[in-house]
Each structure stands twice: as structure tokens, then as C-alpha cells.
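Structure file entry_9.csv (CSV, C-alpha atoms and all ligand atoms) follows.
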chain,number,residue,atom,x,y,z
A,1,MET,CA,7.8,-27.5,8.8
A,2,ASN,CA,8.5,-23.8,8.9
A,3,ALA,CA,6.6,-21.1,10.8
A,4,ALA,CA,5.1,-19.5,7.7
A,5,ALA,CA,3.7,-22.7,6.1
A,6,GLY,CA,0.0,-22.5,5.7
A,7,ARG,CA,-0.3,-19.0,7.0
A,8,ARG,CA,-2.5,-16.6,5.0
A,9,ILE,CA,-0.8,-13.3,4.6
A,10,GLY,CA,-2.0,-10.1,3.1
A,11,VAL,CA,0.5,-7.8,1.3
A,12,MET,CA,-0.4,-4.2,1.0
A,13,GLY,CA,2.0,-2.3,-1.2
A,14,GLY,CA,1.8,1.4,-1.5
A,15,THR,CA,3.7,4.7,-1.7
A,16,PHE,CA,2.1,5.6,1.7
A,17,ASP,CA,3.0,9.3,1.2
A,18,PRO,CA,1.3,9.5,3.7
A,19,ILE,CA,-0.5,6.3,4.8
A,20,HIS,CA,-4.2,7.1,5.6
A,21,HIS,CA,-7.3,5.5,7.0
A,22,GLY,CA,-8.4,4.3,3.5
A,23,HIS,CA,-5.3,2.0,3.4
A,24,LEU,CA,-5.9,0.8,6.9
A,25,VAL,CA,-9.6,0.0,6.4
A,26,ALA,CA,-8.9,-1.8,3.1
A,27,ALA,CA,-6.3,-4.0,4.9
A,28,SER,CA,-8.6,-4.7,7.7
A,29,GLU,CA,-11.5,-5.5,5.5
A,30,VAL,CA,-9.5,-7.9,3.3
A,31,ALA,CA,-8.0,-9.5,6.4
A,32,SER,CA,-11.5,-10.1,7.8
A,33,PHE,CA,-13.0,-11.4,4.5
A,34,PHE,CA,-10.1,-13.8,3.7
A,35,ASP,CA,-9.4,-14.7,7.3
A,36,LEU,CA,-5.8,-13.6,7.0
A,37,ASP,CA,-3.3,-14.2,9.8
A,38,GLU,CA,-1.4,-11.0,9.1
A,39,VAL,CA,-1.1,-8.1,6.7
A,40,VAL,CA,2.3,-6.9,5.7
A,41,PHE,CA,2.5,-3.3,4.6
A,42,VAL,CA,5.2,-2.7,2.1
A,43,PRO,CA,6.2,0.9,1.4
A,44,THR,CA,7.7,1.3,-2.1
A,45,GLY,CA,11.3,2.3,-2.6
A,46,ASP,CA,11.5,4.5,-5.7
A,47,PRO,CA,8.0,4.3,-7.2
A,48,TRP,CA,8.5,3.9,-11.0
A,49,GLN,CA,4.8,4.8,-11.7
A,50,LYS,CA,5.2,8.2,-9.9
A,51,SER,CA,8.6,9.3,-11.2
A,52,ASP,CA,6.8,12.4,-12.5
A,53,ARG,CA,6.3,13.9,-9.0
A,54,HIS,CA,8.3,14.4,-5.9
A,55,VAL,CA,7.9,11.5,-3.5
A,56,SER,CA,8.9,11.9,0.2
A,57,PRO,CA,12.1,10.0,1.2
A,58,ALA,CA,11.4,6.3,1.7
A,59,GLU,CA,12.5,6.4,5.4
A,60,HIS,CA,9.8,9.0,6.2
A,61,ARG,CA,7.1,6.9,4.4
A,62,TYR,CA,8.4,3.7,6.1
A,63,LEU,CA,8.2,5.4,9.6
A,64,MET,CA,4.7,6.8,9.0
A,65,THR,CA,3.6,3.3,8.0
A,66,VAL,CA,5.2,1.8,11.2
A,67,ILE,CA,3.4,4.5,13.3
A,68,ALA,CA,0.1,3.9,11.6
A,69,THR,CA,0.2,0.1,12.0
A,70,ALA,CA,1.9,-0.3,15.4
A,71,SER,CA,-1.2,-0.8,17.5
A,72,ASN,CA,-2.6,-3.7,15.4
A,73,PRO,CA,-1.0,-7.0,16.3
A,74,ARG,CA,-1.9,-8.4,12.9
A,75,PHE,CA,-0.3,-5.6,10.9
A,76,ARG,CA,3.5,-5.3,10.3
A,77,VAL,CA,5.7,-3.4,8.0
A,78,SER,CA,8.3,-4.8,5.7
A,79,ARG,CA,11.4,-3.0,4.4
A,80,VAL,CA,11.9,-5.3,1.4
A,81,ASP,CA,11.1,-2.5,-1.2
A,82,VAL,CA,12.7,0.3,0.8
A,83,ASP,CA,16.0,-1.6,1.1
A,84,ARG,CA,16.1,-2.8,-2.5
A,85,ALA,CA,18.0,-0.5,-4.9
A,86,GLY,CA,16.2,0.8,-8.0
A,87,PRO,CA,12.6,1.2,-8.8
A,88,THR,CA,9.9,-1.0,-7.1
A,89,TYR,CA,8.2,-3.7,-9.1
A,90,THR,CA,5.4,-5.7,-7.5
A,91,VAL,CA,6.9,-9.0,-8.8
A,92,ASP,CA,10.1,-8.3,-6.8
A,93,THR,CA,8.1,-7.5,-3.7
A,94,LEU,CA,6.3,-10.8,-4.0
A,95,ARG,CA,9.5,-12.8,-4.8
A,96,ASP,CA,11.2,-11.4,-1.7
A,97,LEU,CA,8.2,-12.1,0.6
A,98,ARG,CA,7.8,-15.6,-0.8
A,99,ALA,CA,11.5,-16.3,0.0
A,100,GLN,CA,11.0,-15.0,3.6
A,101,LEU,CA,7.7,-16.8,4.1
A,102,PRO,CA,7.9,-20.2,2.4
A,103,GLY,CA,4.6,-22.1,2.2
A,104,ALA,CA,2.5,-19.1,3.1
A,105,GLU,CA,-0.5,-18.1,0.9
A,106,LEU,CA,0.0,-14.5,-0.2
A,107,PHE,CA,-2.9,-12.1,-1.0
A,108,PHE,CA,-1.7,-8.9,-2.7
A,109,ILE,CA,-4.1,-6.1,-1.8
A,110,THR,CA,-4.5,-3.2,-4.2
A,111,GLY,CA,-7.0,-0.6,-5.2
A,112,ALA,CA,-9.4,-1.6,-8.0
A,113,ASP,CA,-7.9,1.3,-10.1
A,114,ALA,CA,-4.5,-0.4,-10.0
A,115,LEU,CA,-6.0,-3.8,-10.6
A,116,THR,CA,-7.3,-2.8,-14.0
A,117,ASN,CA,-3.8,-1.7,-15.0
A,118,ILE,CA,-2.2,-4.9,-13.7
A,119,LEU,CA,-1.6,-6.5,-17.1
A,120,THR,CA,0.8,-3.6,-17.9
A,121,TRP,CA,2.9,-4.5,-14.8
A,122,ARG,CA,6.0,-6.6,-15.1
A,123,ASP,CA,6.0,-10.4,-15.2
A,124,THR,CA,2.3,-10.8,-14.6
A,125,GLY,CA,2.3,-14.5,-15.1
A,126,GLU,CA,4.8,-14.9,-12.3
A,127,MET,CA,2.8,-12.5,-10.1
A,128,PHE,CA,-0.4,-14.5,-10.3
A,129,ALA,CA,1.6,-17.6,-9.5
A,130,LEU,CA,3.1,-16.0,-6.4
A,131,ALA,CA,-0.1,-14.4,-5.0
A,132,ARG,CA,-3.8,-14.0,-5.2
A,133,PHE,CA,-4.9,-10.4,-6.0
A,134,VAL,CA,-7.6,-8.6,-4.2
A,135,GLY,CA,-8.8,-5.3,-5.7
A,136,CYS,CA,-10.6,-3.0,-3.4
A,137,THR,CA,-13.2,-0.7,-5.0
A,138,ARG,CA,-12.5,2.9,-4.1
A,139,PRO,CA,-15.0,5.7,-3.6
A,140,GLY,CA,-15.7,7.6,-6.8
A,141,TYR,CA,-14.2,4.9,-8.9
A,142,VAL,CA,-16.4,3.3,-11.6
A,143,MET,CA,-14.8,0.0,-12.3
A,144,ASP,CA,-14.2,-1.0,-15.9
A,145,THR,CA,-14.9,-4.7,-15.5
A,146,SER,CA,-14.0,-5.5,-19.1
A,147,ALA,CA,-10.4,-5.1,-18.1
A,148,LEU,CA,-10.9,-7.9,-15.5
A,149,ALA,CA,-11.9,-10.4,-18.2
A,150,ASP,CA,-8.2,-10.9,-19.1
A,151,LEU,CA,-7.2,-11.7,-15.5
A,152,PRO,CA,-7.2,-15.3,-14.2
A,153,SER,CA,-10.5,-15.4,-12.3
A,154,ASP,CA,-9.3,-17.9,-9.7
A,155,ARG,CA,-6.5,-15.6,-8.7
A,156,VAL,CA,-8.3,-12.3,-8.6
A,157,THR,CA,-11.1,-11.1,-6.3
A,158,VAL,CA,-12.8,-7.6,-6.3
A,159,LEU,CA,-14.0,-6.6,-2.9
A,160,GLU,CA,-16.1,-3.6,-2.0
A,161,ILE,CA,-15.0,-1.9,1.1
A,162,PRO,CA,-16.8,0.9,3.0
A,163,ALA,CA,-16.4,4.1,1.1
A,164,LEU,CA,-13.6,6.2,2.4
A,165,ALA,CA,-12.9,9.1,0.1
A,166,ILE,CA,-9.4,9.6,1.3
A,167,SER,CA,-6.3,9.7,-0.9
A,168,SER,CA,-2.6,10.5,-0.1
A,169,THR,CA,-2.8,13.2,-2.8
A,170,ASP,CA,-5.6,14.9,-1.0
A,171,CYS,CA,-3.8,14.7,2.3
A,172,ARG,CA,-0.7,16.3,0.8
A,173,GLU,CA,-2.7,19.0,-0.8
A,174,ARG,CA,-4.6,19.8,2.4
A,175,THR,CA,-1.4,20.0,4.3
A,176,GLN,CA,0.1,22.3,1.7
A,177,ARG,CA,-3.0,24.6,2.0
A,178,GLY,CA,-2.7,24.6,5.8
A,179,GLU,CA,-5.9,22.5,6.2
A,180,PRO,CA,-6.2,19.7,8.8
A,181,VAL,CA,-5.7,16.0,8.0
A,182,TRP,CA,-6.8,15.0,11.5
A,183,TYR,CA,-9.0,11.8,11.3
A,184,LEU,CA,-8.0,11.2,7.7
A,185,VAL,CA,-4.7,9.8,8.8
A,186,PRO,CA,-3.9,8.3,12.3
A,187,ASP,CA,-3.0,10.8,15.0
A,188,GLY,CA,0.6,9.8,15.1
A,189,VAL,CA,1.0,10.4,11.4
A,190,VAL,CA,-0.6,13.9,11.7
A,191,GLN,CA,2.1,14.6,14.3
A,192,TYR,CA,4.9,13.1,12.3
A,193,ILE,CA,3.9,15.2,9.2
A,194,GLY,CA,3.9,18.3,11.4
A,195,LYS,CA,7.2,17.5,13.1
A,196,HIS,CA,9.0,17.0,9.8
A,197,ARG,CA,7.0,19.7,8.0
A,198,LEU,CA,6.3,17.2,5.2
A,199,TYR,CA,4.2,18.5,2.2
A,200,THR,CA,5.1,22.1,2.9
A,201,PRO,CA,7.6,24.1,0.8
A,202,ASP,CA,10.2,24.0,3.6
A,203,PRO,CA,10.5,20.5,5.1
A,204,VAL,CA,12.7,20.3,8.2
A,205,PRO,CA,16.1,19.2,6.9
A,206,SER,CA,17.3,15.9,8.4
A,207,PRO,CA,20.8,14.5,7.9
A,208,VAL,CA,19.4,11.0,8.1
A,209,LEU,CA,16.2,11.2,6.1
A,210,ASP,CA,16.7,13.8,3.4
B,1,LIG,P1,-1.8,8.9,-4.2
B,1,LIG,O1,-3.0,9.8,-4.1
B,1,LIG,O2,-0.5,9.5,-4.0
B,1,LIG,O3,-1.8,8.1,-5.5
B,1,LIG,P2,-3.1,6.8,-2.7
B,1,LIG,O4,-4.0,7.4,-1.7
B,1,LIG,O5,-3.6,6.2,-3.9
B,1,LIG,O6,-1.9,7.9,-3.0
B,1,LIG,P3,-1.1,4.7,-2.5
B,1,LIG,O7,0.1,4.6,-1.6
B,1,LIG,O8,-0.8,5.1,-3.9
B,1,LIG,O9,-2.2,5.8,-1.9
B,1,LIG,O10,-2.0,3.4,-2.5
B,1,LIG,C1,-1.6,2.2,-2.0
B,1,LIG,C2,-2.7,1.2,-2.3
B,1,LIG,O11,-3.9,1.5,-1.6
B,1,LIG,C3,-3.1,1.2,-3.8
B,1,LIG,O12,-3.4,-0.1,-4.2
B,1,LIG,C4,-4.4,2.1,-3.8
B,1,LIG,O13,-5.2,1.8,-4.9
B,1,LIG,C5,-5.0,1.7,-2.4
B,1,LIG,N1,-5.8,2.8,-1.9
B,1,LIG,C6,-5.5,4.1,-1.8
B,1,LIG,N2,-6.5,4.8,-1.2
B,1,LIG,C7,-7.5,3.9,-0.9
B,1,LIG,C8,-8.8,4.1,-0.3
B,1,LIG,N3,-9.3,5.2,0.2
B,1,LIG,N4,-9.6,2.9,-0.1
B,1,LIG,C9,-9.0,1.7,-0.6
B,1,LIG,N5,-7.8,1.6,-1.2
B,1,LIG,C10,-7.1,2.6,-1.3
B,2,MG,MG,-2.6,5.9,-5.7
Reformat the file's structure so that it appears as C-alpha cells.
Amino acid sequence: MNAAAGRRIGVMGGTFDPIHHGHLVAASEVASFFDLDEVVFVPTGDPWQKSDRHVSPAEHRYLMTVIATASNPRFRVSRVDVDRAGPTYTVDTLRDLRAQLPGAELFFITGADALTNILTWRDTGEMFALARFVGCTRPGYVMDTSALADLPSDRVTVLEIPALAISSTDCRERTQRGEPVWYLVPDGVVQYIGKHRLYTPDPVPSPVLD
């Protein structure tokens, strides 16, 4: 019997550029609703769906995710996507975690907006075999439930979470305009953004991270 067998584990994939309280509340709500033992945050490597915009180096996004989750004993961060070469596909994330956690039940947590696109993702049949999917309704998002009709109902749940009108895009734009992101992201992440001058035209050059 291995340590992972029978454990219920949430998987929260994201670009996390930066991670914000919307992500953390969603993970916490899904963990509570499904009685999860742990939520693993998985920052993307090279995000194929966002290749049209500049994305901060994976190491910065990974470290902000570590800072944001460090105080919660049921949250941890995985490097599987950061360390895999090439663009990130959810099916690869789930395959890698399944190999690391044999016998665990995986719950992939995603925004409802992404859930309705899910059938355009790679290898969806395998994805639904590897994990259950939980779509969190986001503030301001009117869900097109017709798209859900094509998804396997026993593997997909839509969960309403308390409205948090926070997005990474807004956090980046606020920083760029010199507006605060205090209380939208965890304190340590505010300080990390400031230290490395992320989302400003002149980020601090780092031989390791840039
Ligand atoms: P961006 O604005 O750059 O697209 P984002 O805020 O959507 O960033 P991502 O890293 O793209 O953040 O999101 C990771 C996951 O978290 C996605 O499944 C997304 O739908 C979900 N998510 C993002 N913001 C919220 C929020 N405020 N409440 C619930 N889920 C969210
Ligand atoms: Mg997004």
C-alpha cells in the first residue's frame, strides 16, 4: 500500500502571473466541498494558450505560488509543469501527478470559463479518466451550460464560490499603472512583485530568473 492510495487530491493548474486570492479561495472552497486531503498548485511552464502575450519566467511564478501557499499545511506546489520542456498541456500534468501519486483520486480545479473550453483541450478522454473536473464559477462570468452537456456528468462538477472579482490580468495592469495590489494577492506576493519589479517596464534583471 503506498502513501497516496485513497487520498483525495486537488490539482490547481494556472499561470499564476501572479497568484491571487481568487485562486486561493477557489482551492480552499473545493477542498472543503470535496473533503480533499491536499491541493497541489501547478504553475504552468510555457502556457500554449497565452503564447500571444509576455508571461513572466516560470521561476518567478513558481516562487510566488510557493510564497502564497506556504502557510497552509494542505497546500503544496508542484514543479512538474515548470520542469517539463515545451508547452504545458493539462493531460501531461495529470499523467505526471498520477505517476507520483498512485491510487490517489485527483480533482482538477479550473475556472468555469476554462471548463467550457475543455473539449478543445488535448486528449480529453484520457483527462476525464485521470481526474474529476471541478469548474468554479467566477464573478462576472455567465456560464454557457449548453457546453457542459457534452462533458461526462459523473466526472464534472460546477461549484459556485464566493465572488472574488480578482484576475491576474487586473493585478498586472494595476501594478503597471502604479496602483496597489495589496489584499488582492497575499502580502508576500505584493513584496515579491515589488522586489523584482514585475509587471513594470523595467523588471530587475536576474541572472537566475530572467
Ligand atoms: P489571467 O487574467 O492572466 O488569465 P487568471 O486570473 O485567470 O489570469 P490563471 O492563472 O489563468 O489566472 O488561472 C488559473 C485558474 O484559476 C484558472 O482555472 C482560472 O479560471 C481560475 N481563476 C482565476 N481567477 C479566479 C477567481 N477570481 N475565482 C476563481 N477561479 C479563478
Ligand atoms: Mg485566466
Mind listing whatever residues come within 10 Å of the point (9.5, 5.9, 6.0)? Use all atoms listed in the file, file coordinates, and give them as a PDB file with C-alpha atoms, keeping the file's coordinate frame.
ATOM      1  CA  THR A  15       3.700   4.700  -1.700  1.00  0.00           C
ATOM      2  CA  PHE A  16       2.100   5.600   1.700  1.00  0.00           C
ATOM      3  CA  ASP A  17       3.000   9.300   1.200  1.00  0.00           C
ATOM      4  CA  PRO A  18       1.300   9.500   3.700  1.00  0.00           C
ATOM      5  CA  PRO A  43       6.200   0.900   1.400  1.00  0.00           C
ATOM      6  CA  THR A  44       7.700   1.300  -2.100  1.00  0.00           C
ATOM      7  CA  GLY A  45      11.300   2.300  -2.600  1.00  0.00           C
ATOM      8  CA  SER A  56       8.900  11.900   0.200  1.00  0.00           C
ATOM      9  CA  PRO A  57      12.100  10.000   1.200  1.00  0.00           C
ATOM     10  CA  ALA A  58      11.400   6.300   1.700  1.00  0.00           C
ATOM     11  CA  GLU A  59      12.500   6.400   5.400  1.00  0.00           C
ATOM     12  CA  HIS A  60       9.800   9.000   6.200  1.00  0.00           C
ATOM     13  CA  ARG A  61       7.100   6.900   4.400  1.00  0.00           C
ATOM     14  CA  TYR A  62       8.400   3.700   6.100  1.00  0.00           C
ATOM     15  CA  LEU A  63       8.200   5.400   9.600  1.00  0.00           C
ATOM     16  CA  MET A  64       4.700   6.800   9.000  1.00  0.00           C
ATOM     17  CA  THR A  65       3.600   3.300   8.000  1.00  0.00           C
ATOM     18  CA  VAL A  66       5.200   1.800  11.200  1.00  0.00           C
ATOM     19  CA  ILE A  67       3.400   4.500  13.300  1.00  0.00           C
ATOM     20  CA  ARG A  79      11.400  -3.000   4.400  1.00  0.00           C
ATOM     21  CA  VAL A  82      12.700   0.300   0.800  1.00  0.00           C
ATOM     22  CA  LEU A 209      16.200  11.200   6.100  1.00  0.00           C
TER      23      LEU A 209
END
Open item on the list: Can you pull out every residue with an atom within 9 Å of ligand LIG 1 (chain B)? Use all atoms listed in the file and format it as a VMD selection string.
Closed with: chain A and resid 12 to 27 43 to 44 50 55 109 to 115 135 to 139 160 to 172
TODO: With a distance cut-off of 12 Å and only C-alpha atoms, select the neighbouring residues of Phe33 of chain A, excluding the residue or stretch itself and same-chain residues fewer than 3 positions from it, and output the selection as a count of residues only.
DONE: 17
Task: Long-range neighbours of segment 91-101 of chain A as a list of chain:residue names, 7 Å cut-off, only C-alpha atoms, 4 positions minimum in chain - done: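 Listing them by chain and then by number gives A:Ala4, A:Val80, A:Asp81, A:Arg122, A:Asp123, A:Met127, A:Leu130.
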- [ ] Could you check how far atom CA of Leu148 of chain A sits from atom CA of Thr120 of chain A, in Å to one decimal?
- [x]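 Taking atom CA of Leu148 of chain A and atom CA of Thr120 of chain A, their separation equals 12.7 Å.
The environment of segment 173-182 of chain A within 8 Å, counting all atoms listed in the file and disregarding residues fewer than 6 places along the same chain, consists of Val190, Tyr199, Thr200 and Pro201 of chain A.
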Open item on the list: I'd like the interatomic distance between atom CA of Phe34 of chain A and atom CA of Arg84 of chain A, to a tenth of an Å.
Closed with: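 Separation of atom CA of Phe34 of chain A and atom CA of Arg84 of chain A: 29.1 Å.
Environment of (-4.0, -12.1, -15.5): residues at most 12 Å away, judged by only C-alpha atoms, are Leu115, Thr116, Asn117, Ile118, Leu119, Thr120, Trp121, Arg122, Asp123, Thr124, Gly125, Glu126, Met127, Phe128, Ala129, Ala131, Arg132, Phe133, Ala147, Leu148, Ala149, Asp150, Leu151, Pro152, Ser153, Asp154, Arg155, Val156 and Thr157 of chain A.
Computed from the coordinates, the atom CA of Arg197 of chain A to atom CA of Leu184 of chain A distance equals 17.2 Å.
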I'd like the box whose edges run along x, y and z of the file and which contains every listed atom of segment 84-93 of chain A, padded by 4 Å per side; could you state its centre and edge lengths in Å, one decimal, as AutoDock Vina command-line options?
--center_x 11.7 --center_y -3.9 --center_z -5.8 --size_x 20.6 --size_y 18.2 --size_z 14.6
TODO: Fewer than 2 positions away in the same chain doesn't count, so skip those; otherwise give me all residues within 7 Å of Val189 of chain A, counting all atoms listed in the file, as a PyMOL selection string.
DONE: chain A and resi 64+67-68+185-187+191-193
- [ ] Skip Ile9 of chain A itself and residues of its chain fewer than 6 positions away, then list as an MDAnalysis selection string all residues within 9 Å of it, counting only C-alpha atoms.
- [x] chainID A and resid 31 36:40 104:108
